[in-house]
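Printed here is upload-v9.txt (compact mmCIF, C-alpha atoms):
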# COMPACT_ATOMS: atom_id res chain seq x y z
CA MET C 1 8.15 58.63 -27.28
CA ARG C 2 6.84 58.59 -23.75
CA ASN C 3 9.51 58.65 -21.10
CA ASP C 4 8.56 55.88 -18.72
CA HIS C 5 12.02 55.56 -17.19
CA ARG C 6 12.85 56.71 -13.74
CA SER C 7 15.00 59.80 -13.78
CA TYR C 8 18.57 58.81 -13.03
CA THR C 9 19.94 62.39 -13.21
CA ASN C 10 20.16 63.35 -9.57
CA LEU C 11 20.99 60.10 -7.81
CA PRO C 12 23.40 59.99 -4.89
CA ALA C 13 26.99 59.11 -5.85
CA GLY C 14 27.41 55.39 -6.45
CA GLY C 15 23.86 54.93 -7.74
CA VAL C 16 21.12 53.05 -5.94
CA LYS C 17 21.73 49.59 -4.48
CA ARG C 18 19.46 47.11 -6.19
CA PRO C 19 17.23 45.39 -3.63
CA ARG C 20 18.10 41.71 -3.20
CA ALA C 21 15.72 39.34 -4.94
CA GLU C 22 13.07 38.14 -2.51
CA SER C 23 12.98 34.41 -1.98
CA MET C 24 11.24 32.76 -4.91
CA ASN C 25 9.18 29.63 -5.24
CA ARG C 26 11.29 26.84 -6.66
CA VAL C 27 9.74 24.19 -8.83
CA THR C 28 9.92 20.51 -7.91
CA VAL C 29 10.56 18.24 -10.89
CA VAL C 30 9.68 14.57 -11.35
CA LEU C 31 11.54 12.80 -14.18
CA GLY C 32 11.78 9.28 -15.52
CA ALA C 33 15.25 7.82 -15.02
CA GLN C 34 14.96 4.83 -17.39
CA TRP C 35 12.94 4.27 -20.60
CA GLY C 36 9.60 5.51 -19.31
CA ASP C 37 6.78 3.75 -17.44
CA GLU C 38 8.64 4.00 -14.13
CA GLY C 39 5.58 5.08 -12.15
CA LYS C 40 6.15 8.85 -12.40
CA GLY C 41 2.38 9.35 -12.31
CA LYS C 42 2.28 7.90 -8.81
CA VAL C 43 5.05 10.14 -7.49
CA VAL C 44 3.51 13.18 -9.19
CA ASP C 45 0.14 12.26 -7.72
CA LEU C 46 1.66 12.01 -4.24
CA LEU C 47 3.17 15.49 -4.59
CA ALA C 48 0.24 16.96 -6.53
CA THR C 49 -2.10 16.50 -3.59
CA GLU C 50 -0.29 19.40 -1.90
CA SER C 51 0.74 21.38 -4.99
CA ASP C 52 -0.77 24.67 -6.12
CA ILE C 53 0.37 24.30 -9.73
CA VAL C 54 1.26 21.18 -11.74
CA CYS C 55 2.92 21.64 -15.16
CA ARG C 56 3.74 19.58 -18.20
CA CYS C 57 6.74 20.94 -20.12
CA GLN C 58 7.39 18.58 -23.06
CA GLY C 59 6.08 15.65 -25.05
CA GLY C 60 2.47 15.21 -26.05
CA ASN C 61 -0.17 12.55 -25.70
CA ASN C 62 2.53 9.93 -26.30
CA ALA C 63 2.90 9.96 -22.50
CA GLY C 64 0.59 7.88 -20.35
CA HIS C 65 0.09 8.23 -16.61
CA THR C 66 -2.41 6.21 -14.66
CA VAL C 67 -3.51 7.64 -11.34
CA VAL C 68 -5.78 5.77 -8.91
CA VAL C 69 -7.92 7.92 -6.61
CA GLU C 70 -10.41 6.32 -4.23
CA GLY C 71 -10.57 3.21 -6.38
CA THR C 72 -11.09 5.10 -9.67
CA GLU C 73 -8.39 4.78 -12.32
CA TYR C 74 -7.77 7.93 -14.33
CA ASP C 75 -5.64 7.86 -17.48
CA PHE C 76 -3.78 11.00 -18.45
CA HIS C 77 -1.84 11.63 -21.65
CA LEU C 78 -1.80 15.40 -22.15
CA LEU C 79 -3.45 16.66 -18.99
CA PRO C 80 -1.15 17.15 -16.01
CA SER C 81 -2.13 14.62 -13.29
CA GLY C 82 -2.78 17.55 -10.95
CA ILE C 83 -6.07 18.14 -12.77
CA ILE C 84 -7.78 15.76 -10.30
CA ASN C 85 -6.90 18.09 -7.44
CA THR C 86 -9.60 20.77 -7.18
CA LYS C 87 -7.25 23.21 -5.41
CA CYS C 88 -4.60 22.98 -8.10
CA ILE C 89 -3.94 24.77 -11.40
CA SER C 90 -2.71 22.57 -14.26
CA LEU C 91 -0.50 24.13 -16.92
CA ILE C 92 0.32 22.70 -20.34
CA GLY C 93 3.59 24.50 -21.15
CA ASN C 94 5.00 25.83 -24.41
CA GLY C 95 7.27 22.80 -24.89
CA VAL C 96 4.29 20.44 -25.13
CA VAL C 97 2.81 19.56 -28.53
CA ILE C 98 -0.98 19.46 -28.35
CA HIS C 99 -3.35 17.31 -30.37
CA LEU C 100 -6.64 19.08 -29.68
CA PRO C 101 -9.00 16.18 -30.54
CA GLY C 102 -6.85 13.99 -28.27
CA LEU C 103 -7.04 16.55 -25.46
CA PHE C 104 -10.84 16.76 -25.56
CA GLU C 105 -11.26 13.01 -25.92
CA GLU C 106 -9.12 12.57 -22.82
CA ILE C 107 -11.17 15.17 -20.95
CA ASP C 108 -14.46 13.47 -21.94
CA LYS C 109 -13.20 10.06 -20.81
CA ASN C 110 -12.10 11.40 -17.44
CA GLU C 111 -15.32 13.42 -17.00
CA LYS C 112 -17.25 10.16 -17.31
CA LYS C 113 -15.14 8.85 -14.43
CA GLY C 114 -15.98 11.87 -12.28
CA LEU C 115 -13.52 14.64 -13.23
CA LYS C 116 -15.30 17.98 -12.65
CA GLY C 117 -14.54 21.68 -12.99
CA TRP C 118 -11.36 21.09 -14.99
CA GLU C 119 -11.95 24.07 -17.30
CA LYS C 120 -11.42 26.48 -14.41
CA ARG C 121 -8.15 24.76 -13.47
CA LEU C 122 -6.50 24.21 -16.86
CA ILE C 123 -4.14 26.72 -18.45
CA ILE C 124 -2.61 26.23 -21.89
CA SER C 125 0.46 28.15 -23.04
CA ASP C 126 -0.17 30.23 -26.16
CA ARG C 127 3.27 29.20 -27.48
CA ALA C 128 2.58 25.46 -27.51
CA HIS C 129 2.68 23.85 -30.96
CA ILE C 130 -0.32 22.03 -32.40
CA VAL C 131 -0.32 18.40 -33.54
CA PHE C 132 -2.67 17.99 -36.49
CA ASP C 133 -4.37 14.79 -37.62
CA PHE C 134 -2.08 14.67 -40.66
CA HIS C 135 0.96 14.66 -38.34
CA GLN C 136 -0.45 11.46 -36.85
CA ALA C 137 -1.15 9.95 -40.28
CA VAL C 138 2.40 10.76 -41.40
CA ASP C 139 3.84 9.31 -38.18
CA GLY C 140 2.24 5.98 -39.13
CA MET C 141 3.42 6.25 -42.75
CA GLN C 142 7.00 6.99 -41.69
CA GLU C 143 7.00 3.91 -39.45
CA VAL C 144 5.79 1.75 -42.37
CA GLN C 145 8.50 3.28 -44.56
CA ARG C 146 11.25 2.62 -41.98
CA GLN C 147 10.08 -0.98 -41.66
CA ALA C 148 10.23 -1.43 -45.44
CA GLN C 149 13.58 0.28 -45.95
CA GLU C 150 15.55 -0.75 -42.87
CA GLY C 151 13.64 -3.78 -41.72
CA LYS C 152 12.95 -2.00 -38.43
CA ASN C 153 10.98 0.97 -37.23
CA ILE C 154 11.41 3.22 -34.19
CA GLY C 155 8.31 1.97 -32.43
CA THR C 156 6.69 5.40 -32.06
CA THR C 157 3.23 5.74 -30.50
CA LYS C 158 1.97 7.09 -33.88
CA LYS C 159 0.57 10.11 -32.06
CA GLY C 160 2.20 12.58 -34.46
CA ILE C 161 4.76 13.78 -31.93
CA GLY C 162 7.87 13.46 -34.13
CA PRO C 163 6.32 15.13 -37.18
CA ALA C 164 4.97 17.99 -35.02
CA TYR C 165 8.39 18.65 -33.46
CA SER C 166 9.91 18.41 -36.96
CA CYS C 167 7.58 21.20 -38.09
CA LYS C 168 8.55 23.20 -35.02
CA ALA C 169 12.25 22.82 -35.82
CA SER C 170 11.78 23.59 -39.51
CA ARG C 171 9.66 26.64 -38.57
CA THR C 172 6.55 25.55 -40.43
CA GLY C 173 4.60 24.64 -37.29
CA LEU C 174 1.47 26.38 -36.04
CA ARG C 175 0.94 27.32 -32.42
CA ILE C 176 -2.01 27.84 -30.13
CA CYS C 177 -1.51 31.63 -30.42
CA ASP C 178 -1.87 31.34 -34.21
CA LEU C 179 -5.11 29.40 -33.86
CA LEU C 180 -6.55 32.10 -31.61
CA ALA C 181 -5.42 35.07 -33.72
CA ASP C 182 -6.67 35.84 -37.24
CA PHE C 183 -8.35 32.61 -38.39
CA LYS C 184 -8.03 33.56 -42.06
CA GLU C 185 -4.25 33.83 -41.69
CA PHE C 186 -4.21 30.56 -39.71
CA SER C 187 -6.25 28.82 -42.44
CA ALA C 188 -3.85 29.95 -45.14
CA ARG C 189 -0.84 28.66 -43.19
CA PHE C 190 -2.64 25.40 -42.37
CA LYS C 191 -3.45 24.84 -46.07
CA ASN C 192 0.16 25.51 -46.96
CA LEU C 193 1.46 23.06 -44.41
CA ALA C 194 -1.09 20.41 -45.40
CA GLN C 195 -0.11 20.75 -49.07
CA GLN C 196 3.57 20.54 -48.17
CA PHE C 197 2.91 17.22 -46.41
CA GLN C 198 0.79 15.96 -49.30
CA SER C 199 3.57 16.64 -51.79
CA MET C 200 5.97 14.62 -49.61
CA TYR C 201 3.43 11.84 -48.96
CA PRO C 202 1.26 11.45 -52.08
CA ALA C 203 -0.92 8.81 -50.38
CA LEU C 204 -1.86 11.27 -47.61
CA LYS C 205 -5.53 12.31 -47.63
CA ILE C 206 -6.39 15.55 -45.84
CA ASP C 207 -9.87 17.07 -45.71
CA ILE C 208 -8.60 20.63 -45.36
CA ASP C 209 -11.98 22.37 -44.99
CA GLY C 210 -13.29 19.72 -42.61
CA GLU C 211 -10.15 19.98 -40.46
CA LEU C 212 -10.35 23.78 -40.35
CA LYS C 213 -14.00 23.67 -39.29
CA LYS C 214 -13.07 21.38 -36.37
CA LEU C 215 -10.09 23.56 -35.47
CA LYS C 216 -12.32 26.66 -35.35
CA ASP C 217 -14.57 24.86 -32.83
CA TYR C 218 -11.57 23.83 -30.73
CA ALA C 219 -10.32 27.43 -30.83
CA ASP C 220 -13.56 28.61 -29.21
CA ARG C 221 -13.43 25.85 -26.59
CA ILE C 222 -9.85 26.50 -25.49
CA ARG C 223 -9.80 30.30 -25.77
CA PRO C 224 -10.69 30.93 -22.08
CA MET C 225 -7.85 28.62 -20.95
CA VAL C 226 -5.03 30.09 -23.03
CA ARG C 227 -2.47 32.34 -21.36
CA ASP C 228 1.05 33.58 -21.89
CA GLY C 229 2.94 30.82 -20.10
CA VAL C 230 6.11 32.85 -19.51
CA TYR C 231 4.30 35.57 -17.57
CA PHE C 232 2.15 33.02 -15.76
CA MET C 233 5.20 31.08 -14.55
CA TYR C 234 7.10 34.25 -13.67
CA ASP C 235 4.24 35.44 -11.47
CA ALA C 236 3.86 32.00 -9.89
CA ILE C 237 7.57 31.78 -9.07
CA ASN C 238 7.96 35.35 -7.84
CA GLY C 239 4.60 35.75 -6.12
CA PRO C 240 3.34 34.54 -2.73
CA PRO C 241 4.53 31.08 -1.54
CA LYS C 242 3.33 28.30 -3.80
CA LYS C 243 4.18 24.66 -4.36
CA ILE C 244 4.90 24.19 -8.06
CA LEU C 245 5.39 20.74 -9.54
CA VAL C 246 6.64 19.78 -12.99
CA GLU C 247 5.63 16.41 -14.32
CA GLY C 248 8.15 15.00 -16.78
CA ALA C 249 6.89 12.76 -19.58
CA ASN C 250 8.90 9.94 -21.17
CA ALA C 251 12.36 9.48 -19.59
CA ALA C 252 16.12 10.09 -19.66
CA LEU C 253 16.92 7.31 -22.11
CA LEU C 254 14.21 8.50 -24.49
CA ASP C 255 15.66 12.04 -24.55
CA ILE C 256 16.34 13.33 -28.07
CA ASP C 257 19.91 14.32 -27.07
CA PHE C 258 20.88 11.83 -24.37
CA GLY C 259 18.70 8.82 -25.06
CA THR C 260 19.36 5.68 -27.10
CA TYR C 261 19.11 7.59 -30.39
CA PRO C 262 17.38 7.03 -32.79
CA PHE C 263 15.05 4.96 -30.58
CA VAL C 264 14.00 8.01 -28.60
CA THR C 265 11.22 10.57 -28.42
CA SER C 266 11.48 13.97 -30.11
CA SER C 267 11.85 16.22 -27.08
CA ASN C 268 14.19 16.78 -24.13
CA CYS C 269 12.75 14.76 -21.28
CA THR C 270 15.71 15.55 -19.04
CA VAL C 271 15.88 18.53 -16.69
CA GLY C 272 16.83 21.06 -19.41
CA GLY C 273 13.42 20.55 -20.99
CA VAL C 274 11.84 22.04 -17.87
CA CYS C 275 13.50 25.43 -18.46
CA THR C 276 12.85 25.56 -22.20
CA GLY C 277 9.41 23.95 -21.99
CA LEU C 278 8.05 26.42 -19.42
CA GLY C 279 10.26 29.47 -19.93
CA ILE C 280 11.85 29.48 -16.47
CA PRO C 281 15.50 29.99 -15.46
CA PRO C 282 17.56 27.10 -14.03
CA THR C 283 17.89 28.96 -10.71
CA ASN C 284 14.14 28.37 -10.22
CA ILE C 285 14.54 24.61 -10.15
CA GLY C 286 14.51 23.04 -6.69
CA ASP C 287 14.27 19.31 -6.01
CA VAL C 288 14.65 16.98 -8.98
CA TYR C 289 13.21 13.54 -8.26
CA GLY C 290 14.19 10.63 -10.50
CA VAL C 291 11.79 7.72 -10.76
CA SER C 292 13.03 4.21 -11.44
CA LYS C 293 11.54 0.76 -11.18
CA ALA C 294 13.30 -1.84 -9.04
CA TYR C 295 13.97 -3.56 -12.40
CA THR C 296 14.03 -2.21 -15.99
CA THR C 297 11.48 -2.15 -18.80
CA ARG C 298 11.44 -0.81 -22.33
CA VAL C 299 8.68 -0.49 -24.92
CA GLY C 300 9.37 -0.76 -28.65
CA ILE C 301 12.79 -1.49 -30.08
CA GLY C 302 16.34 -0.38 -29.37
CA ALA C 303 19.25 -1.65 -27.28
CA PHE C 304 18.45 -2.94 -23.79
CA PRO C 305 21.59 -4.40 -22.13
CA THR C 306 19.96 -6.00 -19.05
CA GLU C 307 16.98 -7.45 -20.95
CA GLN C 308 16.04 -10.98 -19.90
CA LEU C 309 14.63 -12.97 -22.81
CA ASN C 310 13.83 -15.87 -20.53
CA ALA C 311 11.57 -16.97 -17.67
CA ILE C 312 12.78 -14.05 -15.50
CA GLY C 313 11.76 -11.52 -18.16
CA GLU C 314 8.39 -13.23 -18.54
CA LEU C 315 7.83 -13.29 -14.80
CA LEU C 316 8.57 -9.56 -14.51
CA GLN C 317 6.27 -8.86 -17.45
CA THR C 318 3.31 -10.81 -16.07
CA ARG C 319 3.77 -9.98 -12.37
CA GLY C 320 4.40 -6.34 -13.18
CA HIS C 321 1.50 -6.12 -15.70
CA GLU C 322 4.02 -4.55 -18.06
CA VAL C 323 1.82 -3.28 -20.87
CA GLY C 324 2.05 0.28 -22.25
CA VAL C 325 -0.71 2.71 -21.14
CA THR C 326 -0.57 4.57 -24.47
CA THR C 327 0.08 1.74 -26.92
CA GLY C 328 -1.11 -1.45 -25.20
CA ARG C 329 2.22 -3.05 -26.22
CA LYS C 330 3.90 -5.63 -24.00
CA ARG C 331 6.98 -4.12 -22.36
CA ARG C 332 10.37 -5.81 -22.55
CA CYS C 333 11.76 -6.56 -19.08
CA GLY C 334 15.14 -7.06 -17.43
CA TRP C 335 17.24 -6.49 -14.33
CA LEU C 336 17.86 -3.08 -12.81
CA ASP C 337 20.66 -1.30 -14.70
CA LEU C 338 22.70 1.07 -12.54
CA VAL C 339 24.86 2.23 -15.45
CA ILE C 340 21.72 3.83 -16.85
CA LEU C 341 20.67 5.33 -13.52
CA ARG C 342 24.07 6.89 -12.91
CA TYR C 343 24.03 8.31 -16.43
CA ALA C 344 20.53 9.75 -15.89
CA HIS C 345 21.75 11.28 -12.62
CA MET C 346 24.76 12.90 -14.35
CA ILE C 347 22.39 14.70 -16.70
CA ASN C 348 19.57 15.51 -14.29
CA GLY C 349 21.29 15.98 -10.93
CA PHE C 350 18.66 14.04 -8.97
CA THR C 351 18.24 15.20 -5.38
CA ALA C 352 16.41 11.95 -4.53
CA ILE C 353 15.00 8.86 -6.19
CA ALA C 354 11.72 6.98 -6.05
CA LEU C 355 12.20 3.24 -6.51
CA THR C 356 8.90 1.69 -7.60
CA LYS C 357 7.44 -1.82 -7.97
CA LEU C 358 9.80 -3.44 -5.48
CA ASP C 359 7.02 -5.95 -4.70
CA ILE C 360 7.31 -7.44 -8.20
CA LEU C 361 10.68 -8.92 -7.11
CA ASP C 362 9.15 -10.59 -4.02
CA VAL C 363 9.06 -14.12 -5.49
CA LEU C 364 12.58 -14.28 -6.91
CA ASP C 365 15.26 -16.59 -5.45
CA GLU C 366 18.02 -14.26 -6.52
CA ILE C 367 18.08 -10.76 -7.92
CA LYS C 368 20.69 -9.25 -10.18
CA VAL C 369 21.71 -5.66 -10.66
CA GLY C 370 23.77 -4.43 -13.63
CA VAL C 371 26.73 -2.40 -12.31
CA ALA C 372 29.04 -2.01 -15.34
CA TYR C 373 29.31 -2.61 -19.08
CA LYS C 374 32.16 -4.50 -20.74
CA LEU C 375 33.35 -4.47 -24.33
CA ASN C 376 35.73 -7.25 -25.40
CA GLY C 377 36.09 -8.20 -21.73
CA LYS C 378 37.13 -4.68 -20.66
CA ARG C 379 34.98 -2.40 -18.52
CA ILE C 380 33.93 0.77 -20.34
CA PRO C 381 33.79 3.94 -18.28
CA HIS C 382 30.71 5.51 -19.90
CA PHE C 383 27.29 4.85 -21.41
CA PRO C 384 27.84 4.32 -25.19
CA ALA C 385 26.24 6.87 -27.52
CA ASN C 386 26.31 4.57 -30.52
CA MET C 387 23.55 1.95 -30.71
CA GLU C 388 25.65 -0.76 -32.41
CA VAL C 389 28.16 -0.45 -29.57
CA LEU C 390 25.43 -0.54 -26.91
CA GLN C 391 23.97 -3.70 -28.55
CA LYS C 392 27.34 -5.42 -28.05
CA VAL C 393 28.06 -4.60 -24.41
CA GLU C 394 28.21 -7.35 -21.86
CA VAL C 395 26.72 -6.51 -18.47
CA GLU C 396 28.58 -7.11 -15.24
CA TYR C 397 26.11 -8.07 -12.50
CA GLU C 398 26.04 -8.00 -8.73
CA THR C 399 23.83 -10.80 -7.38
CA PHE C 400 21.63 -10.56 -4.29
CA PRO C 401 19.62 -13.23 -2.48
CA GLY C 402 15.85 -12.74 -2.89
CA TRP C 403 13.77 -11.92 0.18
CA LYS C 404 10.93 -14.31 -0.79
CA THR C 405 8.42 -12.36 1.32
CA ASP C 406 5.33 -10.38 0.34
CA THR C 407 6.24 -6.70 0.71
CA SER C 408 2.96 -5.26 -0.61
CA ALA C 409 1.65 -4.57 2.89
CA ALA C 410 4.79 -2.70 4.00
CA ARG C 411 4.09 0.95 4.87
CA LYS C 412 7.40 1.96 6.47
CA TRP C 413 11.08 1.13 6.07
CA ASN C 414 11.13 -1.27 9.01
CA ASP C 415 8.30 -3.32 7.52
CA LEU C 416 10.60 -4.33 4.66
CA PRO C 417 12.61 -7.57 4.99
CA PRO C 418 16.35 -6.99 5.68
CA LYS C 419 17.31 -8.46 2.28
CA ALA C 420 15.06 -5.94 0.52
CA GLN C 421 16.56 -3.15 2.65
CA ASN C 422 19.99 -4.36 1.63
CA TYR C 423 19.02 -4.23 -2.07
CA ILE C 424 17.71 -0.67 -1.71
CA ARG C 425 20.81 0.52 0.16
CA PHE C 426 23.07 -0.98 -2.50
CA VAL C 427 21.23 0.90 -5.27
CA GLU C 428 21.34 4.12 -3.28
CA ASN C 429 25.08 3.89 -2.58
CA HIS C 430 25.95 2.89 -6.11
CA ILE C 431 24.15 5.84 -7.73
CA GLY C 432 25.08 8.22 -4.95
CA VAL C 433 21.53 9.54 -4.57
CA PRO C 434 19.25 8.94 -1.58
CA ILE C 435 16.08 6.91 -2.17
CA LYS C 436 13.16 8.91 -0.80
CA TRP C 437 10.31 6.58 -1.73
CA VAL C 438 9.93 2.85 -2.22
CA GLY C 439 6.81 1.67 -4.06
CA VAL C 440 5.26 -1.69 -3.20
CA GLY C 441 1.91 -1.54 -4.96
CA LYS C 442 -0.56 0.37 -7.12
CA SER C 443 -2.27 2.82 -4.80
CA ARG C 444 -1.08 6.02 -3.10
CA GLU C 445 -0.70 4.27 0.25
CA CYS C 446 1.85 1.86 -1.18
CA MET C 447 4.62 4.46 -1.46
CA ILE C 448 6.88 4.13 1.58
CA GLN C 449 8.41 7.51 2.35
CA MET C 450 11.89 7.19 3.80
CA PHE C 451 12.64 10.78 4.83
Represent the supplied structure as C-alpha cells.
Amino acid sequence: MRNDHRSYTNLPAGGVKRPRAESMNRVTVVLGAQWGDEGKGKVVDLLATESDIVCRCQGGNNAGHTVVVEGTEYDFHLLPSGIINTKCISLIGNGVVIHLPGLFEEIDKNEKKGLKGWEKRLIISDRAHIVFDFHQAVDGMQEVQRQAQEGKNIGTTKKGIGPAYSCKASRTGLRICDLLADFKEFSARFKNLAQQFQSMYPALKIDIDGELKKLKDYADRIRPMVRDGVYFMYDAINGPPKKILVEGANAALLDIDFGTYPFVTSSNCTVGGVCTGLGIPPTNIGDVYGVSKAYTTRVGIGAFPTEQLNAIGELLQTRGHEVGVTTGRKRRCGWLDLVILRYAHMINGFTAIALTKLDILDVLDEIKVGVAYKLNGKRIPHFPANMEVLQKVEVEYETFPGWKTDTSAARKWNDLPPKAQNYIRFVENHIGVPIKWVGVGKSRECMIQMF
C-alpha cells in the first residue's frame, strides 16, 4: 500500500493548528411557499441573470416554469431556468428524476424559440435517477385505479415521477451513471425492472428492445454533460467567488413529508431537499427566498381551506390566468392563507419572501386573508397533518378594503396605493418575514424590489 499520508511523527507538541476554512460561496434558494405555481420562475429568473450556476435539486418534469425574455416565452420543466443565461452553468442535481425523451423534447422546443449553446452550459449529475416511459404509463394506470377504488385520484401530472421515486426507494431504480457504464449490464437491469412492472400491471405494454435502442442514443447525447455532482458542487462552493442559485420545484405543501399528504409530490420540495438533492451541507445554504402569490391556488385535489367556490374564486382564476403550465388544468383559487405561509416558514426558515400577482387583486372591493384555523369553534395552534381534519377546519379571516387601483405600472414601493401597502405590511408582520419583492405583472420589470 502506498503511503500517501503526511508524516505525523515529528510534529511540534500539540500538533498542527488546522487552518480556518476560507469563506465559501453560499447557495441562494428559491422555494414555493404554497401549493406550487407561485411564480418561482420569475424570482429565479431575476436572480439567474447574475448567477454563475443555477441548480435543480428535486422533482422532474412535473414542474413548470415560464420565463419571459425580451417578449419570448420559454417553458421549462426539467431544465433550470438559468439555461437562458449564456454566462451561467445549469446543473440538474442527483435528487432530480430525469425523463430523457422529455428533456430533449423540451430542449428542441426552446431551441426553436432561440435557445442556443445549451449543451456547453448544462451539467447532469451521474447519480440522478431515470424516469422511463413505463413509469409514465404506470403513473396513469395508478391514477385510474385510485379513481376506481377510492372514487378519487391524487391528480398527478402523469409524468412518471411517483413511480420513479418508488423505484429509487425500493432500490430497483436505474441512474444516469448506470446508463453510461456497461450497457449490457444496464440492459439486463432494465429488462428486469420492465418485467417486474409488467407482472404488477398485466395491461402494461413495453417494447423493451425499442426502448433500449432509444436509451443508447440518449446515452451518447448526454455523455459529455454528465459529471459527478458532489465534486462539482464542492468545487463551486469552495472555489473562487460565485453566485449559486437553487431553483426549487413544486412547493412546501406538496412536500412528501410536510405537505397535504397523500395529495403531494414524491420528493422533498422544502429546504432539506436542497442538501440531499445536490449533496451539499446545510452550512452552505445562504438566503432562502419563499415565493407566494397574494392569494392562493391549488391544482388537482386535496384540502384547500381558503378556497372560494364562488364569484371571487372565478375572478381570481380568470384574472390570474390560473391554468397549470404542465397539465393545462384550471387551478382552484382562494384567499391568501397565512397559516400555510407560517407553516412553510417554520420548515424552510425563509430569509425573505416574494409576494407575486398582487395586481390580480386590483379590482376587488374587499380582500380577505386567512389568519387562523378553527375546529368546533376553537382555534387550533398548528397546521393539521390529517387530511380529514384539514377538510373540516373553519378559517378565521382578517378583512381589508380593496385599493381599486391598477397597480400593474408600479415599479417601486411608493407607486403602490396605501391600501395595497397596508395589505403587504400585514402579511409581512403576520409571518414574521420581510417581503423583498412584490410582483405586479408578467415580465421581469414588474417585480418591485423593496430592499
Using all atoms listed in the file, which residues sit within 9 Å of stretch 107-119 of chain C once same-chain residues fewer than 4 positions away are excluded, as a list in words?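 Here the answer would be Thr72, Glu73, Tyr74, Asp75, Phe76, Leu79, Ile83, Ile84, Thr86, Ser90, Gly102, Leu103, Ile123, Ile222, Pro224 and Met225 of chain C.
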Spatial neighbours of C:Leu245, max dist 8 Å, all atoms listed in the file, sep filter under 5 positions, as a ChimeraX atom specification: /C:27-30,44,47-48,51,53-55
Taking every listed atom of stretch 427-438 of chain C and adding 5 Å to each side, what centre and edge lengths in Å (one decimal) does the axis-aligned box have, as AutoDock Vina command-line options?
--center_x 17.9 --center_y 5.2 --center_z -4.3 --size_x 26.0 --size_y 18.6 --size_z 16.9
So that I can check the surroundings of C:Thr407, please list as a VMD selection string every protein, DNA and RNA residue that reaches within 10 Å of it, counting all atoms listed in the file and ignoring chain neighbours fewer than 6 positions away. chain C and resid 358 to 362 415 to 417 420 439 to 441 446
Would you please work out which residue, of C:Val226, C:Ala354, C:Ala188, C:Val393, is nearest to C:Ile208 when using all atoms listed in the file?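 So, comparing all the options, the nearest one is C:Ala188.
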Rank nothing, just name the residue among C:Val291, C:Val264, C:Leu364, C:Leu122 nearest to C:Val433, using only C-alpha atoms.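 Closest candidate: C:Val291.
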If we count all atoms listed in the file, what is near C:Ile353 at a cut-off of 8 Å, once residues fewer than 3 positions away on the same chain are taken out, given as number ranges by chain? C: 289-292, 350, 433-437
If I only have part of stretch 261-273 of chain C, can you fill in N, CA and C atoms and write it as a PDB file, in the coordinates of the input?
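The result, stored in result.pdb:
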ATOM      1  N   TYR C 261      19.460   7.075 -29.059  1.00  0.00           N
ATOM      2  CA  TYR C 261      19.110   7.590 -30.390  1.00  0.00           C
ATOM      3  C   TYR C 261      19.454   6.544 -31.463  1.00  0.00           C
ATOM      4  N   PRO C 262      18.615   6.309 -32.468  1.00  0.00           N
ATOM      5  CA  PRO C 262      17.380   7.030 -32.790  1.00  0.00           C
ATOM      6  C   PRO C 262      16.115   6.500 -32.114  1.00  0.00           C
ATOM      7  N   PHE C 263      16.246   5.533 -31.203  1.00  0.00           N
ATOM      8  CA  PHE C 263      15.050   4.960 -30.580  1.00  0.00           C
ATOM      9  C   PHE C 263      14.653   5.788 -29.362  1.00  0.00           C
ATOM     10  N   VAL C 264      14.266   7.016 -29.644  1.00  0.00           N
ATOM     11  CA  VAL C 264      14.000   8.010 -28.600  1.00  0.00           C
ATOM     12  C   VAL C 264      12.738   8.773 -28.971  1.00  0.00           C
ATOM     13  N   THR C 265      12.320   9.670 -28.092  1.00  0.00           N
ATOM     14  CA  THR C 265      11.220  10.570 -28.420  1.00  0.00           C
ATOM     15  C   THR C 265      11.815  11.832 -29.041  1.00  0.00           C
ATOM     16  N   SER C 266      10.981  12.822 -29.349  1.00  0.00           N
ATOM     17  CA  SER C 266      11.480  13.970 -30.110  1.00  0.00           C
ATOM     18  C   SER C 266      11.670  15.221 -29.271  1.00  0.00           C
ATOM     19  N   SER C 267      11.675  15.054 -27.956  1.00  0.00           N
ATOM     20  CA  SER C 267      11.850  16.220 -27.080  1.00  0.00           C
ATOM     21  C   SER C 267      12.892  15.925 -26.013  1.00  0.00           C
ATOM     22  N   ASN C 268      13.256  16.970 -25.250  1.00  0.00           N
ATOM     23  CA  ASN C 268      14.190  16.780 -24.130  1.00  0.00           C
ATOM     24  C   ASN C 268      13.390  16.431 -22.890  1.00  0.00           C
ATOM     25  N   CYS C 269      13.497  15.168 -22.476  1.00  0.00           N
ATOM     26  CA  CYS C 269      12.750  14.760 -21.280  1.00  0.00           C
ATOM     27  C   CYS C 269      13.659  14.714 -20.065  1.00  0.00           C
ATOM     28  N   THR C 270      14.830  15.369 -20.197  1.00  0.00           N
ATOM     29  CA  THR C 270      15.710  15.550 -19.040  1.00  0.00           C
ATOM     30  C   THR C 270      15.473  16.958 -18.486  1.00  0.00           C
ATOM     31  N   VAL C 271      16.203  17.323 -17.462  1.00  0.00           N
ATOM     32  CA  VAL C 271      15.880  18.530 -16.690  1.00  0.00           C
ATOM     33  C   VAL C 271      15.927  19.833 -17.513  1.00  0.00           C
ATOM     34  N   GLY C 272      16.765  19.860 -18.563  1.00  0.00           N
ATOM     35  CA  GLY C 272      16.830  21.060 -19.410  1.00  0.00           C
ATOM     36  C   GLY C 272      15.514  21.394 -20.074  1.00  0.00           C
ATOM     37  N   GLY C 273      14.729  20.363 -20.362  1.00  0.00           N
ATOM     38  CA  GLY C 273      13.420  20.550 -20.990  1.00  0.00           C
ATOM     39  C   GLY C 273      12.446  21.301 -20.106  1.00  0.00           C
TER      40      GLY C 273
END
